[in-house]
$ cat target.pdb   # PDB, C-alpha atoms, pLDDT in the B column
ATOM      1  CA  MET A 208     -47.687  11.607  10.833  1.00 79.00           C
ATOM      2  CA  GLN A 209     -47.365  12.317   7.103  1.00 89.00           C
ATOM      3  CA  MET A 210     -44.573  14.778   7.821  1.00 89.00           C
ATOM      4  CA  ASP A 211     -42.658  12.093   9.746  1.00 90.00           C
ATOM      5  CA  ILE A 212     -42.967   9.718   6.794  1.00 94.00           C
ATOM      6  CA  LEU A 213     -41.711  12.396   4.422  1.00 96.00           C
ATOM      7  CA  LEU A 214     -38.782  13.211   6.746  1.00 96.00           C
ATOM      8  CA  TRP A 215     -37.884   9.507   7.027  1.00 97.00           C
ATOM      9  CA  ILE A 216     -37.866   9.258   3.234  1.00 97.00           C
ATOM     10  CA  VAL A 217     -35.509  12.245   3.097  1.00 97.00           C
ATOM     11  CA  VAL A 218     -33.233  10.595   5.699  1.00 98.00           C
ATOM     12  CA  LEU A 219     -33.114   7.363   3.678  1.00 98.00           C
ATOM     13  CA  VAL A 220     -32.418   9.283   0.458  1.00 98.00           C
ATOM     14  CA  LEU A 221     -29.581  11.152   2.176  1.00 98.00           C
ATOM     15  CA  PHE A 222     -28.097   7.821   3.299  1.00 98.00           C
ATOM     16  CA  ALA A 223     -28.372   6.393  -0.229  1.00 97.00           C
ATOM     17  CA  LEU A 224     -26.765   9.497  -1.717  1.00 97.00           C
ATOM     18  CA  SER A 225     -23.936   9.246   0.814  1.00 96.00           C
ATOM     19  CA  ILE A 226     -23.141   5.738  -0.436  1.00 95.00           C
ATOM     20  CA  ALA A 227     -23.321   6.992  -4.042  1.00 93.00           C
ATOM     21  CA  GLY A 228     -20.922   9.772  -3.022  1.00 90.00           C
ATOM     22  CA  ILE A 229     -18.183   7.201  -2.534  1.00 86.00           C
ATOM     23  CA  PHE A 230     -18.124   6.668  -6.285  1.00 80.00           C
ATOM     24  CA  LEU A 231     -19.285  10.148  -7.318  1.00 78.00           C
ATOM     25  CA  PRO A 232     -17.011  12.583  -5.500  1.00 72.00           C
ATOM     26  CA  VAL A 233     -19.203  15.536  -6.427  1.00 75.00           C
ATOM     27  CA  LEU A 234     -21.553  14.239  -3.704  1.00 84.00           C
ATOM     28  CA  PRO A 235     -20.190  14.971  -0.210  1.00 88.00           C
ATOM     29  CA  ASP A 236     -20.732  11.508   1.294  1.00 91.00           C
ATOM     30  CA  THR A 237     -19.933  12.248   4.931  1.00 93.00           C
ATOM     31  CA  ILE A 238     -21.900  15.489   4.952  1.00 95.00           C
ATOM     32  CA  LEU A 239     -24.939  13.694   3.527  1.00 97.00           C
ATOM     33  CA  LEU A 240     -24.739  11.094   6.307  1.00 97.00           C
ATOM     34  CA  TRP A 241     -24.548  13.803   8.944  1.00 97.00           C
ATOM     35  CA  ALA A 242     -27.484  15.623   7.361  1.00 98.00           C
ATOM     36  CA  GLY A 243     -29.556  12.462   7.796  1.00 98.00           C
ATOM     37  CA  PHE A 244     -28.465  12.070  11.427  1.00 97.00           C
ATOM     38  CA  LEU A 245     -29.205  15.723  12.224  1.00 96.00           C
ATOM     39  CA  LEU A 246     -32.547  15.654  10.428  1.00 97.00           C
ATOM     40  CA  TYR A 247     -33.625  12.719  12.555  1.00 96.00           C
ATOM     41  CA  HIS A 248     -32.248  14.168  15.784  1.00 95.00           C
ATOM     42  CA  PHE A 249     -33.841  17.606  15.463  1.00 94.00           C
ATOM     43  CA  PHE A 250     -36.990  16.999  13.435  1.00 94.00           C
ATOM     44  CA  ILE A 251     -38.145  13.381  13.847  1.00 94.00           C
ATOM     45  CA  ALA A 252     -37.078  12.264  17.328  1.00 92.00           C
ATOM     46  CA  ASP A 253     -39.169  13.338  20.268  1.00 89.00           C
ATOM     47  CA  PRO A 254     -37.683  16.326  22.122  1.00 85.00           C
ATOM     48  CA  GLY A 255     -35.014  15.121  24.549  1.00 82.00           C
ATOM     49  CA  ALA A 256     -35.085  11.609  23.077  1.00 85.00           C
ATOM     50  CA  GLY A 257     -32.690  12.039  20.165  1.00 88.00           C
ATOM     51  CA  LEU A 258     -29.434  10.270  19.559  1.00 93.00           C
ATOM     52  CA  PRO A 259     -27.131   9.737  22.581  1.00 94.00           C
ATOM     53  CA  ALA A 260     -23.781  11.474  23.023  1.00 94.00           C
ATOM     54  CA  SER A 261     -21.939   8.168  22.496  1.00 96.00           C
ATOM     55  CA  PHE A 262     -23.457   8.004  18.997  1.00 97.00           C
ATOM     56  CA  TRP A 263     -22.258  11.496  18.125  1.00 97.00           C
ATOM     57  CA  TRP A 264     -18.717  10.836  19.397  1.00 98.00           C
ATOM     58  CA  GLY A 265     -18.637   7.571  17.461  1.00 97.00           C
ATOM     59  CA  MET A 266     -19.739   9.383  14.312  1.00 97.00           C
ATOM     60  CA  VAL A 267     -16.943  11.927  14.750  1.00 97.00           C
ATOM     61  CA  VAL A 268     -14.407   9.084  14.854  1.00 96.00           C
ATOM     62  CA  PHE A 269     -15.959   7.321  11.861  1.00 96.00           C
ATOM     63  CA  SER A 270     -16.077  10.603   9.910  1.00 95.00           C
ATOM     64  CA  ILE A 271     -12.369  11.148  10.468  1.00 93.00           C
ATOM     65  CA  LEU A 272     -11.741   7.597   9.270  1.00 92.00           C
ATOM     66  CA  LEU A 273     -13.856   8.254   6.166  1.00 90.00           C
ATOM     67  CA  TYR A 274     -11.837  11.348   5.287  1.00 84.00           C
ATOM     68  CA  GLY A 275      -8.576   9.492   5.832  1.00 85.00           C
ATOM     69  CA  ALA A 276      -9.589   6.352   3.920  1.00 84.00           C
ATOM     70  CA  ASP A 277      -8.833   7.751   0.455  1.00 75.00           C
ATOM     71  CA  LEU A 278      -5.446   9.144   1.359  1.00 78.00           C
ATOM     72  CA  LEU A 279      -4.214   6.308   3.550  1.00 83.00           C
ATOM     73  CA  THR A 280      -5.253   3.402   1.331  1.00 85.00           C
ATOM     74  CA  ASN A 281      -3.926   5.110  -1.772  1.00 78.00           C
ATOM     75  CA  MET A 282      -0.585   5.857  -0.143  1.00 80.00           C
ATOM     76  CA  TYR A 283      -0.365   2.298   1.213  1.00 85.00           C
ATOM     77  CA  PHE A 284      -0.996   0.620  -2.146  1.00 88.00           C
ATOM     78  CA  VAL A 285       1.351   2.923  -4.060  1.00 85.00           C
ATOM     79  CA  LYS A 286       4.096   1.945  -1.621  1.00 84.00           C
ATOM     80  CA  LYS A 287       3.113  -1.742  -1.786  1.00 88.00           C
ATOM     81  CA  TYR A 288       3.382  -1.691  -5.591  1.00 90.00           C
ATOM     82  CA  GLY A 289       6.895  -0.274  -5.482  1.00 89.00           C
ATOM     83  CA  GLY A 290       6.260   3.455  -5.406  1.00 89.00           C
ATOM     84  CA  SER A 291       8.520   5.845  -3.540  1.00 89.00           C
ATOM     85  CA  LYS A 292       7.640   8.178  -0.683  1.00 88.00           C
ATOM     86  CA  TRP A 293       7.299  10.966  -3.263  1.00 91.00           C
ATOM     87  CA  SER A 294       4.858   8.832  -5.241  1.00 90.00           C
ATOM     88  CA  SER A 295       2.696   8.423  -2.144  1.00 87.00           C
ATOM     89  CA  VAL A 296       2.638  12.200  -1.772  1.00 88.00           C
ATOM     90  CA  ALA A 297       1.853  12.552  -5.486  1.00 91.00           C
ATOM     91  CA  ALA A 298      -1.034  10.070  -5.130  1.00 87.00           C
ATOM     92  CA  ALA A 299      -2.491  12.085  -2.246  1.00 83.00           C
ATOM     93  CA  ALA A 300      -2.140  15.311  -4.265  1.00 89.00           C
ATOM     94  CA  GLY A 301      -3.777  13.593  -7.228  1.00 88.00           C
ATOM     95  CA  ILE A 302      -6.751  12.562  -5.124  1.00 82.00           C
ATOM     96  CA  PHE A 303      -7.181  16.063  -3.770  1.00 82.00           C
ATOM     97  CA  LEU A 304      -6.887  17.754  -7.168  1.00 89.00           C
ATOM     98  CA  GLY A 305      -8.944  15.013  -8.813  1.00 85.00           C
ATOM     99  CA  ILE A 306     -11.943  16.024  -6.724  1.00 78.00           C
ATOM    100  CA  PHE A 307     -11.971  19.376  -8.525  1.00 83.00           C
ATOM    101  CA  VAL A 308     -10.484  18.467 -11.907  1.00 83.00           C
ATOM    102  CA  PHE A 309     -12.530  16.190 -14.141  1.00 79.00           C
ATOM    103  CA  PRO A 310     -14.838  14.720 -11.461  1.00 72.00           C
ATOM    104  CA  PRO A 311     -15.520  11.916 -10.781  1.00 71.00           C
ATOM    105  CA  PHE A 312     -12.761  10.361 -12.890  1.00 80.00           C
ATOM    106  CA  GLY A 313     -10.114  12.817 -11.746  1.00 85.00           C
ATOM    107  CA  MET A 314      -9.806  10.981  -8.418  1.00 81.00           C
ATOM    108  CA  ILE A 315      -8.824   7.854 -10.347  1.00 85.00           C
ATOM    109  CA  VAL A 316      -6.827   9.271 -13.255  1.00 91.00           C
ATOM    110  CA  LEU A 317      -4.794  12.056 -11.607  1.00 92.00           C
ATOM    111  CA  PRO A 318      -3.232   9.925  -8.857  1.00 90.00           C
ATOM    112  CA  PHE A 319      -2.223   7.345 -11.475  1.00 94.00           C
ATOM    113  CA  VAL A 320      -0.701   9.995 -13.759  1.00 95.00           C
ATOM    114  CA  PHE A 321       1.047  11.802 -10.893  1.00 95.00           C
ATOM    115  CA  VAL A 322       2.570   8.586  -9.537  1.00 93.00           C
ATOM    116  CA  VAL A 323       3.807   7.489 -12.958  1.00 95.00           C
ATOM    117  CA  LEU A 324       5.312  10.924 -13.634  1.00 95.00           C
ATOM    118  CA  VAL A 325       7.048  11.072 -10.245  1.00 95.00           C
ATOM    119  CA  GLU A 326       8.476   7.596 -10.682  1.00 94.00           C
ATOM    120  CA  LEU A 327       9.686   8.376 -14.217  1.00 95.00           C
ATOM    121  CA  LEU A 328      10.916  11.937 -13.824  1.00 94.00           C
ATOM    122  CA  VAL A 329      11.919  12.270 -10.169  1.00 93.00           C
ATOM    123  CA  GLN A 330      12.881   8.727  -9.220  1.00 93.00           C
ATOM    124  CA  ASN A 331      14.287   7.767 -12.673  1.00 93.00           C
ATOM    125  CA  GLN A 332      12.510   4.417 -12.594  1.00 93.00           C
ATOM    126  CA  PRO A 333      11.893   2.297 -15.687  1.00 94.00           C
ATOM    127  CA  PHE A 334       8.501   2.744 -17.356  1.00 95.00           C
ATOM    128  CA  GLU A 335       7.237  -0.686 -16.232  1.00 94.00           C
ATOM    129  CA  ARG A 336       8.011   0.009 -12.590  1.00 93.00           C
ATOM    130  CA  ALA A 337       6.449   3.483 -12.799  1.00 94.00           C
ATOM    131  CA  VAL A 338       3.247   2.032 -14.276  1.00 95.00           C
ATOM    132  CA  LYS A 339       3.200  -0.678 -11.608  1.00 94.00           C
ATOM    133  CA  ALA A 340       3.368   1.987  -8.888  1.00 93.00           C
ATOM    134  CA  GLY A 341       0.656   3.948 -10.711  1.00 93.00           C
ATOM    135  CA  PHE A 342      -1.448   0.801 -10.800  1.00 92.00           C
ATOM    136  CA  GLY A 343      -1.087   0.750  -7.011  1.00 91.00           C
ATOM    137  CA  SER A 344      -2.931   4.072  -6.919  1.00 86.00           C
ATOM    138  CA  LEU A 345      -5.842   2.481  -8.825  1.00 87.00           C
ATOM    139  CA  ILE A 346      -5.931  -0.450  -6.413  1.00 92.00           C
ATOM    140  CA  GLY A 347      -5.802   2.084  -3.577  1.00 87.00           C
ATOM    141  CA  PHE A 348      -8.854   3.905  -4.930  1.00 82.00           C
ATOM    142  CA  LEU A 349     -10.821   0.662  -5.156  1.00 86.00           C
ATOM    143  CA  GLY A 350      -9.615  -0.383  -1.708  1.00 89.00           C
ATOM    144  CA  SER A 351     -10.668   2.923  -0.216  1.00 88.00           C
ATOM    145  CA  ALA A 352     -14.093   2.579  -1.819  1.00 88.00           C
ATOM    146  CA  VAL A 353     -14.543  -0.787  -0.102  1.00 91.00           C
ATOM    147  CA  VAL A 354     -13.369   0.640   3.230  1.00 91.00           C
ATOM    148  CA  LYS A 355     -15.694   3.634   2.891  1.00 93.00           C
ATOM    149  CA  VAL A 356     -18.700   1.441   2.053  1.00 95.00           C
ATOM    150  CA  VAL A 357     -18.026  -0.671   5.143  1.00 95.00           C
ATOM    151  CA  LEU A 358     -17.606   2.427   7.332  1.00 96.00           C
ATOM    152  CA  GLN A 359     -20.734   4.124   6.032  1.00 97.00           C
ATOM    153  CA  VAL A 360     -22.876   1.004   6.333  1.00 97.00           C
ATOM    154  CA  THR A 361     -21.589   0.600   9.897  1.00 97.00           C
ATOM    155  CA  MET A 362     -22.518   4.224  10.643  1.00 98.00           C
ATOM    156  CA  ILE A 363     -26.013   3.743   9.216  1.00 98.00           C
ATOM    157  CA  ILE A 364     -26.560   0.513  11.154  1.00 97.00           C
ATOM    158  CA  TRP A 365     -25.354   2.231  14.349  1.00 97.00           C
ATOM    159  CA  PHE A 366     -27.817   5.054  13.654  1.00 97.00           C
ATOM    160  CA  PHE A 367     -30.744   2.650  13.469  1.00 96.00           C
ATOM    161  CA  LEU A 368     -29.601   0.817  16.605  1.00 96.00           C
ATOM    162  CA  ALA A 369     -29.055   4.067  18.562  1.00 94.00           C
ATOM    163  CA  ARG A 370     -32.390   5.663  17.795  1.00 88.00           C
TER     164      ARG A 370
END

$ encode --input "target.pdb" --output "structure tokens"
Amino acid sequence: MQMDILLWIVVLVLFALSIAGIFLPVLPDTILLWAGFLLYHFFIADPGAGLPASFWWGMVVFSILLYGADLLTNMYFVKKYGGSKWSSVAAAAGIFLGIFVFPPFGMIVLPFVFVVLVELLVQNQPFERAVKAGFGSLIGFLGSAVVKVVLQVTMIIWFFLAR
């Protein structure tokens, strides 16, 4: 009984850390969610009474969406704010490199810098237009954070409904 309570606390902490991981990229948000699901399935649920297959397939789909949220929203907003196709690629590269360089701010700063540089140096755009496209990468980061919060909360709610 006490062990179950302790394990449930660990599951809830993993879920909370996964939400924090949206804003602190050093925390692997999706992996933390899965750790909570697996902990429940293998150590809390009665044998043979764990989470159904439909839950696991749904989580695979949601996990793919979580991984794509940063890249897709960033690319969309860069384009929406006047950035070129190359700027969208630069924003995606900035997100990826930003995870490793100067975390957690690298995911915000590097896409902005990369987009501005591509627009100025490759596309020969005026400074104002380059900054506007770079601003699109900032809006994209915030937009992806909102999308990821919604997706993760949905996953957590589904977990509690499926158990």

$ resolve_selection --input "target.pdb" --expression "the PyMOL selection byres ((chain A and resi 266-276) around 8)" --output "list of chain:residue names"
A:Thr237, A:Phe262, A:Trp263, A:Trp264, A:Gly265, A:Asp277, A:Leu278, A:Leu279, A:Thr280, A:Ser351, A:Val354, A:Lys355, A:Leu358, A:Met362

$ atom_distance --input "target.pdb" --atom1 "CA of Ser295 in chain A" --atom2 "CA of Phe348 in chain A"
12.7 Å

$ closest_residue --input "target.pdb" --among "A:Gly301, A:Pro318, A:Gly290, A:Pro254" --to "Ala337 in chain A" --atoms "only C-alpha atoms"
A:Gly290

$ closest_residue --input "target.pdb" --among "A:Leu304, A:Leu221, A:Val353, A:Leu258" --to "Pro235 in chain A" --atoms "all atoms listed in the file"
A:Leu221

$ atom_distance --input "target.pdb" --atom1 "CA of Ile315 in chain A" --atom2 "CA of Ser344 in chain A"
7.8 Å

$ closest_residue --input "target.pdb" --among "A:Val325, A:Ile251, A:Ile229, A:Ala369" --to "Ser291 in chain A" --atoms "all atoms listed in the file"
A:Val325

$ closest_residue --input "target.pdb" --among "A:Leu234, A:Phe334, A:Val308, A:Ala297" --to "Val320 in chain A" --atoms "all atoms listed in the file"
A:Ala297

$ atom_distance --input "target.pdb" --atom1 "CA of Phe309 in chain A" --atom2 "CA of Pro333 in chain A"
28.1 Å

$ resolve_selection --input "target.pdb" --expression "the PyMOL selection byres ((chain A and resi 232) around 8)" --output "list of chain:residue names"
A:Gly228, A:Ile229, A:Phe230, A:Leu231, A:Val233, A:Leu234, A:Pro235, A:Asp236, A:Ile306, A:Pro310, A:Pro311, A:Met314

$ axis_aligned_box --input "target.pdb" --around "range 258-265 of chain A" --padding-each-side "6 Å" --output "AutoDock Vina command-line options"
--center_x -24.0 --center_y 9.5 --center_z 20.2 --size_x 22.8 --size_y 15.9 --size_z 17.6

$ residues_around --input "target.pdb" --residues "Val220 in chain A" --least-positions-apart "6" --cutoff "10 Å" --atoms "all atoms listed in the file" --output "ChimeraX atom specification"
/A:214,226,239-240,243

$ resolve_selection --input "target.pdb" --expression "the PyMOL selection byres ((chain A and resi 370) around 10)" --output "PDB file with C-alpha atoms, keeping the file's coordinate frame"
ATOM      1  CA  PHE A 244     -28.465  12.070  11.427  1.00 97.00           C
ATOM      2  CA  TYR A 247     -33.625  12.719  12.555  1.00 96.00           C
ATOM      3  CA  HIS A 248     -32.248  14.168  15.784  1.00 95.00           C
ATOM      4  CA  ALA A 252     -37.078  12.264  17.328  1.00 92.00           C
ATOM      5  CA  ALA A 256     -35.085  11.609  23.077  1.00 85.00           C
ATOM      6  CA  GLY A 257     -32.690  12.039  20.165  1.00 88.00           C
ATOM      7  CA  LEU A 258     -29.434  10.270  19.559  1.00 93.00           C
ATOM      8  CA  PRO A 259     -27.131   9.737  22.581  1.00 94.00           C
ATOM      9  CA  PHE A 262     -23.457   8.004  18.997  1.00 97.00           C
ATOM     10  CA  TRP A 365     -25.354   2.231  14.349  1.00 97.00           C
ATOM     11  CA  PHE A 366     -27.817   5.054  13.654  1.00 97.00           C
ATOM     12  CA  PHE A 367     -30.744   2.650  13.469  1.00 96.00           C
ATOM     13  CA  LEU A 368     -29.601   0.817  16.605  1.00 96.00           C
ATOM     14  CA  ALA A 369     -29.055   4.067  18.562  1.00 94.00           C
TER      15      ALA A 369
END

$ closest_residue --input "target.pdb" --among "A:Phe307, A:Val360, A:Phe284, A:Val329" --to "Ala223 in chain A" --atoms "all atoms listed in the file"
A:Val360

$ residues_around --input "target.pdb" --residues "Arg336 in chain A" --least-positions-apart "6" --cutoff "9 Å" --atoms "all atoms listed in the file" --output "list in words"
Tyr288, Gly289, Gly290, Val323, Glu326 and Leu327 of chain A

$ closest_residue --input "target.pdb" --among "A:Ala227, A:Ala352, A:Ala300, A:Leu345" --to "Phe321 in chain A" --atoms "only C-alpha atoms"
A:Ala300
